[in-house]
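> Below is the file query_11.cif, which contains mmCIF, C-alpha atoms.
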```
data_model
#
loop_
_atom_site.label_atom_id
_atom_site.label_comp_id
_atom_site.auth_asym_id
_atom_site.auth_seq_id
_atom_site.Cartn_x
_atom_site.Cartn_y
_atom_site.Cartn_z
CA MET I 1 0.00 0.00 0.00
CA THR I 2 1.29 3.43 -0.90
CA LYS I 3 1.45 5.95 1.88
CA PRO I 4 -1.12 8.72 1.40
CA ILE I 5 0.69 11.85 0.32
CA SER I 6 0.26 14.91 2.54
CA ILE I 7 -1.60 18.01 1.35
CA ALA I 8 1.57 20.09 1.52
CA ALA I 9 3.65 17.58 -0.43
CA LYS I 10 1.01 17.17 -3.11
CA THR I 11 0.71 20.95 -3.39
CA ARG I 12 4.45 21.35 -3.84
CA GLN I 13 4.34 18.72 -6.56
CA ILE I 14 1.64 20.64 -8.41
CA VAL I 15 3.46 23.94 -8.05
CA LYS I 16 6.63 22.34 -9.40
CA LYS I 17 4.74 21.21 -12.48
CA HIS I 18 3.53 24.73 -13.28
CA GLY I 19 6.51 26.79 -12.17
CA ASN I 20 6.23 29.71 -9.81
CA ALA I 21 5.30 32.48 -12.25
CA LYS I 22 2.51 34.71 -11.00
CA GLY I 23 0.48 33.78 -14.08
CA ALA I 24 0.43 30.14 -13.03
CA VAL I 25 -1.75 30.79 -9.97
CA ILE I 26 -5.03 29.81 -11.62
CA ALA I 27 -3.55 26.70 -13.23
CA VAL I 28 -2.20 25.62 -9.85
CA LEU I 29 -5.55 26.30 -8.15
CA GLN I 30 -7.35 24.23 -10.80
CA ASP I 31 -5.02 21.29 -10.23
CA LEU I 32 -5.35 21.64 -6.46
CA GLN I 33 -9.10 21.66 -6.77
CA GLU I 34 -8.92 18.52 -8.87
CA ALA I 35 -6.57 16.79 -6.44
CA PHE I 36 -8.48 17.57 -3.25
CA ASN I 37 -11.98 18.26 -4.63
CA TYR I 38 -11.76 21.65 -2.91
CA LEU I 39 -9.06 24.14 -1.90
CA PRO I 40 -7.82 23.32 1.59
CA LYS I 41 -6.34 26.19 3.56
CA GLU I 42 -3.12 24.28 4.01
CA ALA I 43 -2.77 23.80 0.26
CA LEU I 44 -3.26 27.51 -0.43
CA LYS I 45 -0.73 28.48 2.22
CA THR I 46 1.81 25.99 0.91
CA ALA I 47 1.22 27.13 -2.67
CA ALA I 48 1.69 30.78 -1.69
CA LYS I 49 5.01 29.99 -0.09
CA ALA I 50 6.22 27.67 -2.87
CA MET I 51 5.24 30.10 -5.62
CA ASP I 52 6.45 33.19 -3.77
CA VAL I 53 3.10 34.84 -4.46
CA PRO I 54 1.38 36.68 -1.58
CA MET I 55 -1.35 34.71 0.15
CA SER I 56 -3.74 37.62 -0.44
CA ARG I 57 -3.34 37.31 -4.24
CA ILE I 58 -4.00 33.57 -4.13
CA TYR I 59 -7.01 33.98 -1.86
CA GLU I 60 -8.33 36.70 -4.19
CA ALA I 61 -8.27 34.30 -7.14
CA ALA I 62 -9.66 31.42 -5.08
CA THR I 63 -12.64 33.46 -3.87
CA PHE I 64 -13.29 35.19 -7.20
CA TYR I 65 -13.96 32.18 -9.40
CA THR I 66 -17.04 30.11 -8.62
CA ALA I 67 -15.26 27.07 -10.07
CA PHE I 68 -13.12 27.05 -6.92
CA SER I 69 -14.51 25.94 -3.60
CA LEU I 70 -12.97 26.63 -0.22
CA GLU I 71 -15.26 24.13 1.46
CA PRO I 72 -15.01 20.35 0.99
CA ARG I 73 -17.41 19.30 -1.73
CA GLY I 74 -19.31 16.10 -2.22
CA LYS I 75 -18.16 13.27 -4.46
CA HIS I 76 -20.91 14.15 -6.90
CA VAL I 77 -21.34 17.85 -7.60
CA VAL I 78 -24.81 18.55 -8.90
CA LYS I 79 -24.96 21.75 -10.96
CA ILE I 80 -28.43 22.93 -11.83
CA CYS I 81 -28.45 25.31 -14.75
CA LYS I 82 -30.52 28.38 -14.01
CA GLY I 83 -29.91 30.19 -17.26
CA THR I 84 -32.85 31.83 -18.98
CA ALA I 85 -33.75 28.86 -21.16
CA CYS I 86 -33.50 26.34 -18.33
CA HIS I 87 -35.29 28.69 -15.98
CA VAL I 88 -38.37 29.00 -18.18
CA ARG I 89 -38.41 25.26 -18.62
CA GLY I 90 -38.64 24.68 -14.91
CA ALA I 91 -35.14 24.66 -13.41
CA ALA I 92 -36.61 26.05 -10.19
CA ILE I 93 -38.82 22.98 -9.77
CA LEU I 94 -35.83 20.69 -10.27
CA GLN I 95 -33.84 22.70 -7.74
CA ASP I 96 -36.69 22.32 -5.29
CA ARG I 97 -36.69 18.56 -5.86
CA PHE I 98 -32.94 18.26 -5.34
CA GLU I 99 -33.14 20.41 -2.22
CA THR I 100 -35.91 18.42 -0.59
CA THR I 101 -34.58 15.00 -1.59
CA LEU I 102 -30.99 15.66 -0.59
CA GLY I 103 -31.85 17.99 2.29
CA ILE I 104 -29.33 20.64 1.23
CA LYS I 105 -29.42 24.13 -0.23
CA PRO I 106 -27.21 25.33 -3.11
CA GLY I 107 -23.65 25.57 -1.79
CA GLY I 108 -24.28 22.76 0.68
CA THR I 109 -23.00 19.20 0.89
CA THR I 110 -24.85 16.17 2.23
CA LYS I 111 -23.65 14.72 5.54
CA ASP I 112 -22.44 11.51 3.89
CA GLY I 113 -20.28 13.60 1.55
CA LEU I 114 -21.89 12.17 -1.57
CA PHE I 115 -23.67 15.20 -3.00
CA SER I 116 -23.02 18.89 -3.33
CA LEU I 117 -25.60 21.19 -4.83
CA GLU I 118 -24.78 24.22 -6.92
CA THR I 119 -26.62 26.48 -9.29
CA VAL I 120 -24.90 27.81 -12.40
CA ASN I 121 -25.95 30.49 -14.81
CA CYS I 122 -25.61 28.76 -18.16
CA VAL I 123 -23.83 25.66 -19.37
CA GLY I 124 -24.30 26.46 -23.05
CA ALA I 125 -26.69 23.62 -23.77
CA CYS I 126 -29.87 25.66 -23.81
CA ALA I 127 -31.60 23.48 -26.41
CA LEU I 128 -31.46 20.62 -23.91
CA GLY I 129 -32.97 22.63 -21.08
CA PRO I 130 -33.54 22.20 -18.29
CA VAL I 131 -29.99 20.93 -17.85
CA VAL I 132 -28.39 19.38 -14.80
CA VAL I 133 -24.65 18.67 -14.81
CA ILE I 134 -23.37 16.04 -12.41
CA ASN I 135 -19.58 16.04 -12.21
CA THR I 136 -18.85 16.12 -15.95
CA GLU I 137 -21.99 14.36 -17.15
CA TYR I 138 -24.72 16.43 -18.77
CA HIS I 139 -28.36 15.49 -18.27
CA GLY I 140 -30.80 17.15 -20.67
CA GLN I 141 -34.57 17.70 -20.54
CA VAL I 142 -34.58 16.76 -16.90
CA THR I 143 -37.90 16.14 -15.20
CA ILE I 144 -38.74 15.54 -11.56
CA SER I 145 -38.91 11.77 -12.12
CA LYS I 146 -35.52 11.94 -13.84
CA VAL I 147 -34.12 13.74 -10.80
CA ASP I 148 -35.33 10.91 -8.57
CA LYS I 149 -33.83 8.35 -10.92
CA ILE I 150 -30.45 10.11 -11.03
CA ILE I 151 -30.22 10.34 -7.24
CA LYS I 152 -31.34 6.74 -6.83
CA LYS I 153 -28.78 5.53 -9.37
CA ILE I 154 -25.87 7.32 -7.69
CA ASN I 155 -26.97 6.15 -4.25
CA LYS I 156 -27.16 2.60 -5.53
CA GLU I 157 -23.73 2.76 -7.13
CA GLU I 158 -22.21 4.17 -4.00
CA GLY I 159 -24.03 1.74 -1.77
CA ALA I 160 -22.81 -1.22 -3.83
CA GLN I 161 -19.18 -0.33 -3.30
CA MET K 162 4.40 69.95 -24.33
CA VAL K 163 0.84 69.36 -25.42
CA ASN K 164 -1.78 72.02 -26.13
CA MET K 165 -5.39 71.47 -25.16
CA ILE K 166 -8.54 73.46 -24.50
CA ILE K 167 -10.03 72.76 -21.08
CA ASP K 168 -13.36 74.43 -20.28
CA GLY K 169 -12.62 77.01 -23.01
CA LYS K 170 -9.16 77.82 -21.63
CA ASN K 171 -5.93 77.17 -23.54
CA VAL K 172 -3.87 74.84 -21.41
CA THR K 173 -0.43 73.38 -22.02
CA ALA K 174 0.54 70.22 -20.22
CA ARG K 175 3.65 68.07 -20.06
CA LYS K 176 3.64 65.07 -22.33
CA ASP K 177 2.92 61.70 -20.71
CA THR K 178 0.90 63.18 -17.88
CA MET K 179 -2.72 62.47 -17.14
CA LEU K 180 -5.66 64.69 -17.93
CA LEU K 181 -6.50 65.05 -14.25
CA GLU K 182 -3.17 66.75 -13.54
CA ALA K 183 -3.62 69.08 -16.54
CA ILE K 184 -7.13 70.02 -15.41
CA ARG K 185 -6.10 70.65 -11.82
CA GLY K 186 -3.00 72.48 -13.07
CA ALA K 187 -5.34 74.86 -14.89
CA GLY K 188 -7.02 75.64 -11.58
CA ILE K 189 -10.16 73.66 -12.28
CA SER K 190 -11.34 71.36 -9.52
CA VAL K 191 -12.40 67.78 -10.21
CA PRO K 192 -13.72 65.55 -7.42
CA THR K 193 -11.79 62.32 -6.86
CA LEU K 194 -11.62 59.63 -4.19
CA CYS K 195 -9.23 56.97 -5.41
CA ALA K 196 -6.54 59.11 -7.07
CA HIS K 197 -3.73 59.22 -4.51
CA GLU K 198 -0.20 60.39 -5.12
CA SER K 199 1.38 57.31 -3.54
CA VAL K 200 -0.48 54.59 -5.42
CA SER K 201 -0.91 53.79 -9.10
CA ARG K 202 -4.11 54.92 -10.77
CA SER K 203 -7.02 52.57 -11.15
CA GLY K 204 -9.99 54.72 -12.17
CA ALA K 205 -12.06 52.93 -9.56
CA CYS K 206 -14.17 55.69 -8.04
CA ARG K 207 -15.17 57.13 -11.42
CA LEU K 208 -15.83 60.58 -10.00
CA CYS K 209 -13.14 62.22 -12.14
CA VAL K 210 -15.08 61.72 -15.36
CA VAL K 211 -14.84 64.48 -17.99
CA GLU K 212 -16.05 64.86 -21.54
CA ILE K 213 -13.41 64.95 -24.26
CA LYS K 214 -13.79 65.99 -27.88
CA LYS K 215 -11.60 64.63 -30.62
CA GLY K 216 -12.64 65.61 -34.12
CA ASN K 217 -16.43 65.41 -34.23
CA ARG K 218 -16.82 62.88 -31.47
CA THR K 219 -17.24 63.45 -27.78
CA ARG K 220 -16.99 60.84 -25.08
CA ILE K 221 -16.77 60.43 -21.34
CA VAL K 222 -13.43 59.31 -19.91
CA THR K 223 -11.90 59.01 -16.45
CA SER K 224 -9.47 61.90 -16.42
CA CYS K 225 -7.17 60.23 -13.89
CA LEU K 226 -6.30 57.52 -16.41
CA TYR K 227 -6.53 59.40 -19.70
CA GLY K 228 -3.23 60.69 -21.05
CA VAL K 229 -3.05 64.25 -22.37
CA GLU K 230 -3.29 64.64 -26.14
CA GLU K 231 -2.54 67.46 -28.56
CA GLY K 232 -5.65 69.35 -29.63
CA LEU K 233 -7.99 67.70 -27.13
CA ILE K 234 -11.05 69.71 -26.16
CA VAL K 235 -12.05 68.92 -22.60
CA ASN K 236 -15.23 69.85 -20.81
CA THR K 237 -15.30 69.16 -17.09
CA LYS K 238 -18.71 70.62 -16.33
CA SER K 239 -20.95 69.80 -19.27
CA GLU K 240 -24.43 68.52 -18.52
CA ARG K 241 -23.42 65.05 -19.63
CA VAL K 242 -20.44 65.00 -17.26
CA LEU K 243 -22.49 66.27 -14.36
CA ASN K 244 -25.15 63.64 -15.03
CA VAL K 245 -22.64 60.80 -15.00
CA ARG K 246 -20.95 62.17 -11.91
CA ARG K 247 -24.27 62.56 -10.11
CA LEU K 248 -25.21 58.95 -10.83
CA VAL K 249 -21.83 57.71 -9.59
CA MET K 250 -22.15 59.76 -6.44
CA GLU K 251 -25.70 58.55 -5.79
CA LEU K 252 -24.59 54.95 -6.09
CA LEU K 253 -21.60 55.52 -3.81
CA LEU K 254 -23.93 57.13 -1.26
CA ALA K 255 -26.28 54.14 -1.43
CA ARG K 256 -23.34 51.81 -0.80
CA CYS K 257 -21.77 53.77 2.05
CA PRO K 258 -24.51 55.80 3.69
CA GLU K 259 -22.49 56.45 6.83
CA SER K 260 -19.38 57.79 5.13
CA ASP K 261 -18.89 61.40 6.22
CA VAL K 262 -16.43 61.98 3.38
CA LEU K 263 -19.00 60.98 0.78
CA GLN K 264 -21.74 62.96 2.48
CA LYS K 265 -19.62 66.10 2.48
CA MET K 266 -18.63 65.57 -1.14
CA ALA K 267 -22.23 65.02 -2.20
CA GLU K 268 -23.32 68.12 -0.36
CA ASP K 269 -20.66 70.18 -2.12
CA MET K 270 -21.83 68.81 -5.43
CA GLY K 271 -25.48 69.46 -4.56
CA ILE K 272 -26.38 65.78 -4.71
CA GLU K 273 -28.85 64.08 -2.41
CA ALA K 274 -29.18 60.39 -1.57
CA GLN K 275 -31.83 58.79 -3.76
CA THR K 276 -34.59 56.62 -2.39
CA ARG K 277 -34.70 54.52 -5.55
CA TYR K 278 -31.52 52.66 -4.61
CA ALA K 279 -31.54 50.03 -1.92
CA VAL K 280 -29.17 51.24 0.78
CA ASP K 281 -26.41 48.88 1.90
CA THR K 282 -25.92 48.45 5.61
CA ASP K 283 -23.10 45.90 5.60
CA LYS K 284 -20.45 47.55 3.44
CA GLY K 285 -19.10 50.03 5.97
CA LYS K 286 -17.39 52.94 4.29
CA CYS K 287 -15.54 50.87 1.69
CA ILE K 288 -16.00 51.88 -1.95
CA LEU K 289 -13.74 49.01 -3.17
CA CYS K 290 -11.25 51.38 -4.82
CA ARG K 291 -8.39 49.01 -4.01
CA SER K 292 -6.12 51.85 -2.90
CA CYS K 293 -5.25 50.06 0.35
CA VAL K 294 -4.45 46.85 -1.49
CA ARG K 295 -2.26 48.78 -3.91
CA VAL K 296 -0.34 50.64 -1.25
CA CYS K 297 0.24 47.39 0.64
CA GLU K 298 1.65 45.79 -2.50
CA GLU K 299 3.34 48.69 -4.29
CA VAL K 300 4.67 50.85 -1.49
CA VAL K 301 4.91 48.66 1.60
CA GLY K 302 5.63 45.49 -0.36
CA VAL K 303 3.96 42.93 1.91
CA SER K 304 0.58 42.35 0.19
CA ALA K 305 -1.16 41.47 3.42
CA ILE K 306 -4.63 42.48 2.26
CA GLY K 307 -6.77 41.95 -0.83
CA LEU K 308 -10.27 42.23 -2.23
CA PHE K 309 -12.02 38.90 -1.87
CA SER K 310 -15.12 37.30 -3.44
CA ARG K 311 -16.87 39.17 -6.15
CA GLY K 312 -19.90 41.14 -7.17
CA SER K 313 -21.99 42.40 -4.28
CA TYR K 314 -20.06 40.13 -1.88
CA LYS K 315 -16.70 41.69 -2.68
CA GLU K 316 -14.93 42.98 0.40
CA VAL K 317 -11.54 44.09 1.58
CA GLY K 318 -9.66 42.13 4.20
CA THR K 319 -6.98 39.63 5.10
CA PRO K 320 -7.12 36.05 3.75
CA TYR K 321 -9.69 33.97 5.69
CA HIS K 322 -10.40 37.08 7.80
CA GLU K 323 -7.59 35.93 10.04
CA PRO K 324 -4.91 38.11 11.58
CA SER K 325 -2.26 38.21 8.86
CA ASP K 326 1.34 37.09 9.36
CA ALA K 327 2.34 39.28 6.42
CA CYS K 328 0.93 42.51 7.90
CA ILE K 329 3.51 44.69 9.62
CA GLY K 330 0.98 47.06 11.15
CA CYS K 331 2.31 50.12 9.33
CA GLY K 332 -1.13 51.63 8.76
CA ALA K 333 -0.40 52.74 5.18
CA CYS K 334 -3.80 51.32 4.16
CA VAL K 335 -5.49 53.52 6.75
CA TYR K 336 -3.60 56.54 5.48
CA VAL K 337 -4.47 55.96 1.83
CA CYS K 338 -8.14 55.01 2.32
CA PRO K 339 -10.24 57.89 0.97
CA THR K 340 -13.34 57.17 3.04
CA GLY K 341 -11.88 56.05 6.37
CA HIS K 342 -13.16 52.49 6.18
CA ILE K 343 -10.17 50.74 7.72
CA GLU K 344 -10.07 50.76 11.48
CA MET K 345 -6.89 51.19 13.44
CA THR K 346 -7.01 51.65 17.17
CA SER K 347 -4.13 52.53 19.41
CA THR K 348 -3.51 52.35 23.14
CA GLY K 349 0.00 53.78 22.97
CA GLU K 350 2.00 50.64 23.57
CA THR K 351 -0.16 48.56 21.20
CA ARG K 352 -1.90 49.13 17.93
CA LYS K 353 -4.76 47.06 16.53
CA ILE K 354 -5.39 46.74 12.82
CA TRP K 355 -7.01 44.01 10.63
CA GLY K 356 -7.80 42.02 13.76
CA ARG K 357 -4.22 41.78 14.92
CA THR K 358 -2.60 43.58 17.83
CA PHE K 359 0.90 44.93 17.29
CA LYS K 360 3.39 45.81 19.96
CA MET K 361 4.71 49.34 19.53
CA GLN K 362 8.36 50.28 19.85
CA ALA K 363 9.21 52.94 22.37
CA CYS K 364 11.92 55.38 21.23
CA THR K 365 15.13 54.53 23.07
CA LYS K 366 15.84 58.25 23.53
CA CYS K 367 12.53 59.99 24.29
CA GLY K 368 10.47 56.94 25.26
CA LYS K 369 7.61 57.82 22.94
CA TYR K 370 5.86 54.90 21.18
CA PHE K 371 6.27 55.57 17.49
CA ALA K 372 6.09 52.46 15.29
CA PRO K 373 5.13 48.79 15.43
CA VAL K 374 8.06 46.50 16.29
CA ASP K 375 7.17 44.30 13.31
CA GLN K 376 7.41 47.27 10.94
CA LEU K 377 10.88 48.18 12.24
CA LYS K 378 11.96 44.56 11.88
CA PHE K 379 10.68 44.60 8.29
CA ILE K 380 12.54 47.84 7.48
CA SER K 381 15.69 46.48 9.10
CA LYS K 382 15.53 43.33 7.01
CA LYS K 383 14.86 45.26 3.83
CA THR K 384 17.46 48.01 4.23
CA GLY K 385 20.07 46.30 6.39
CA THR K 386 19.89 49.05 8.99
CA SER K 387 20.31 47.69 12.50
CA ILE K 388 17.22 47.46 14.67
CA ASP K 389 18.90 49.53 17.41
CA GLU K 390 19.32 52.41 15.00
CA LEU K 391 15.69 52.18 13.96
CA ALA K 392 14.50 52.10 17.57
CA VAL K 393 15.14 55.82 17.80
CA CYS K 394 12.15 57.85 16.61
CA THR K 395 12.49 60.26 13.70
CA GLU K 396 12.37 63.30 15.97
CA CYS K 397 15.33 62.13 18.06
CA ARG K 398 17.47 60.93 15.16
#
```
Here is a file; write its structure as structure tokens.


Amino acid sequence: MTKPISIAAKTRQIVKKHGNAKGAVIAVLQDLQEAFNYLPKEALKTAAKAMDVPMSRIYEAATFYTAFSLEPRGKHVVKICKGTACHVRGAAILQDRFETTLGIKPGGTTKDGLFSLETVNCVGACALGPVVVINTEYHGQVTISKVDKIIKKINKEEGAQ
Amino acid sequence: MVNMIIDGKNVTARKDTMLLEAIRGAGISVPTLCAHESVSRSGACRLCVVEIKKGNRTRIVTSCLYGVEEGLIVNTKSERVLNVRRLVMELLLARCPESDVLQKMAEDMGIEAQTRYAVDTDKGKCILCRSCVRVCEEVVGVSAIGLFSRGSYKEVGTPYHEPSDACIGCGACVYVCPTGHIEMTSTGETRKIWGRTFKMQACTKCGKYFAPVDQLKFISKKTGTSIDELAVCTECR
């Protein structure tokens, strides 16, 4: 069994890959987010030191982009599109369904760490509206029964493991 | 040298300077908040707007960021300018209702707070001009503070709202802030800023507290001057 690598060590590895130019901050943050599923404080502090970029600059970038999360996120990130097209086709109803079924509000994560709920403004697939994106998988023309199916399917997959 | 007409007056200005300097040099006043001599320009407050005419076209520009140009016709008090400036001021007032600086400025400009804007109660006196962040980075060189989040949640502070290790307690941000948003309190032997309490250095000659110990340490490290030399206040040196 390989020893789990510490947050600081992993962060230094990522920084090394991108170099310590100021312009590499966002690339490093993206990789950190991918590695840890969110941006741990320790990782940001280590990155700031390793890149010789002030912590305030890194924290600015991390809080500016909605793609970055400072809180641990669930294994499955549910993004409900609330763009105009999806909105008129009932995105609000889907959001309501997700909220009541999972018991979380947008920005929240379920206690078991399986689901995070987010709303996004447009995913560029308006013809498929209403759209729900789970991790990198796009679900089009989602209905309430489809929402139930999706949640059930993921729960089943996770439960089987 | 560059020749321009500002409010009907012939004005010459040095090349590579900004319109704001040329206008003020001609004795015409322009309200500004974020233009400060010690930090780079950002055009954040947008109060310095003027109307410029090049050829047949006129447009509104921020004079603090617009370089002087030969033959430019500038109007600092046209109706269009005053309209833009009034709107900017009304929005600033709605954001920072308790700012005495803004209130005084608005009064001088004959502008009243408008009821049609929802008034913010959680923004303090900060207009997000970034002057404090700039001075901390450009002049002090520690970058302890920044503007975090975005949109209506954007706010100034230290990362994670925690007392910053990078801050040296110099108070440059307080000095440069146009609206007095940043709080710094002092008891003599300590100074509190951005949630952190700094120990002050007493002058080894007169005994007066004059600067945070951390700031002197920072200067000593940067310039190579010994800390004992720096522990004498500027009046006793």

> Could the residues of chain K that have an atom at most 9 Å from chain I be listed as a tab-separated table, each with its closest atom pair and the distance in Å to one decimal, counting all atoms listed in the file and ordered by chain and ascending residue number?


```
residue	atom	partner	partner_atom	distance
K:Val303	CA	I:Pro54	CA	7.6
K:Ser304	CA	I:Pro54	CA	6.0
K:Ala305	CA	I:Ser56	CA	6.0
K:Ile306	CA	I:Ser56	CA	5.6
K:Gly307	CA	I:Ser56	CA	5.3
K:Leu308	CA	I:Glu60	CA	6.2
K:Phe309	CA	I:Glu60	CA	4.9
K:Ser310	CA	I:Thr63	CA	4.6
K:Arg311	CA	I:Phe64	CA	5.5
K:Gly312	CA	I:Phe64	CA	8.9
K:Lys315	CA	I:Phe64	CA	8.6
K:Gly318	CA	I:Ser56	CA	8.8
K:Thr319	CA	I:Ser56	CA	6.7
K:Pro320	CA	I:Ser56	CA	5.6
K:Tyr321	CA	I:Tyr59	CA	8.0
K:Ala327	CA	I:Pro54	CA	8.5
```

> On this structure, the PyMOL selection byres ((chain I and resi 75) around 7) would catch which residues? List them as a list in words, sorted by chain and number.

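Applied to this file, the PyMOL selection byres ((chain I and resi 75) around 7) returns Arg73, Gly74, His76, Val77, Gly113, Leu114 and Phe115 of chain I.
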
> Measuring between only C-alpha atoms, which one of I:Gly83, I:Gly90, I:Ala8, I:Glu71 shows the shortest distance to Ala48 in chain I?

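With only C-alpha atoms as the atom set, the closest residue is I:Ala8.
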
> Report, in Å with one decimal, the straight-line distance from CA of Ile5 in chain I to CA of Asp112 in chain I.

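Computing it gives 23.4 Å between the two atoms.
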
> Got a sec: who's within 12 Å of Leu243 in chain K, counting all atoms listed in the file, leaving out chain neighbours fewer than 2 positions off, as a PyMOL selection string?

chain K and resi 191-192+208-212+221+236-241+245-251+270-272

> Rank nothing, just name the residue among I:Ile144, I:Cys126, I:Leu117, I:Ala35 nearest to Val88 in chain I, using all atoms listed in the file.

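Closest to Val88 in chain I, using all atoms listed in the file: I:Cys126.
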
> Apply the PyMOL selection byres ((chain K and resi 388) around 12) to the file shown and report the selected residues as a short mmCIF file (atom, residue, chain, number, x, y, z; two decimals) with C-alpha atoms, in the coordinates of the input.


```cif
data_model
loop_
_atom_site.label_atom_id
_atom_site.label_comp_id
_atom_site.auth_asym_id
_atom_site.auth_seq_id
_atom_site.Cartn_x
_atom_site.Cartn_y
_atom_site.Cartn_z
CA GLN K 362 8.36 50.28 19.85
CA CYS K 364 11.92 55.38 21.23
CA THR K 365 15.13 54.53 23.07
CA VAL K 374 8.06 46.50 16.29
CA ASP K 375 7.17 44.30 13.31
CA GLN K 376 7.41 47.27 10.94
CA LEU K 377 10.88 48.18 12.24
CA LYS K 378 11.96 44.56 11.88
CA PHE K 379 10.68 44.60 8.29
CA ILE K 380 12.54 47.84 7.48
CA SER K 381 15.69 46.48 9.10
CA LYS K 382 15.53 43.33 7.01
CA LYS K 383 14.86 45.26 3.83
CA THR K 384 17.46 48.01 4.23
CA GLY K 385 20.07 46.30 6.39
CA THR K 386 19.89 49.05 8.99
CA SER K 387 20.31 47.69 12.50
CA ASP K 389 18.90 49.53 17.41
CA GLU K 390 19.32 52.41 15.00
CA LEU K 391 15.69 52.18 13.96
CA ALA K 392 14.50 52.10 17.57
CA VAL K 393 15.14 55.82 17.80
CA CYS K 394 12.15 57.85 16.61
#
```

> Any idea what the distance is between CA of Val296 in chain K and CA of Ile343 in chain K?

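Distance between the two atoms: 13.3 Å.
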
> Quick one: what's the axis-aligned box for range 134-137 of chain I, all listed atoms, 8 Å on every side, centre and edges in Å to one decimal, as JSON?


```
{"center_x": -21.1, "center_y": 15.2, "center_z": -14.7, "size_x": 20.5, "size_y": 17.8, "size_z": 20.9}
```

> For the atom pair CA of Val242 in chain K and CA of Asp261 in chain K, what is the interatomic distance in Å to one decimal place?

23.8 Å

> Expanded to explicit residues, what is the PyMOL selection byres ((chain K and resi 225) around 12) for this file, as an NGL selection string?

:K and (178-185 or 191-198 or 201-211 or 222-224 or 226-229)
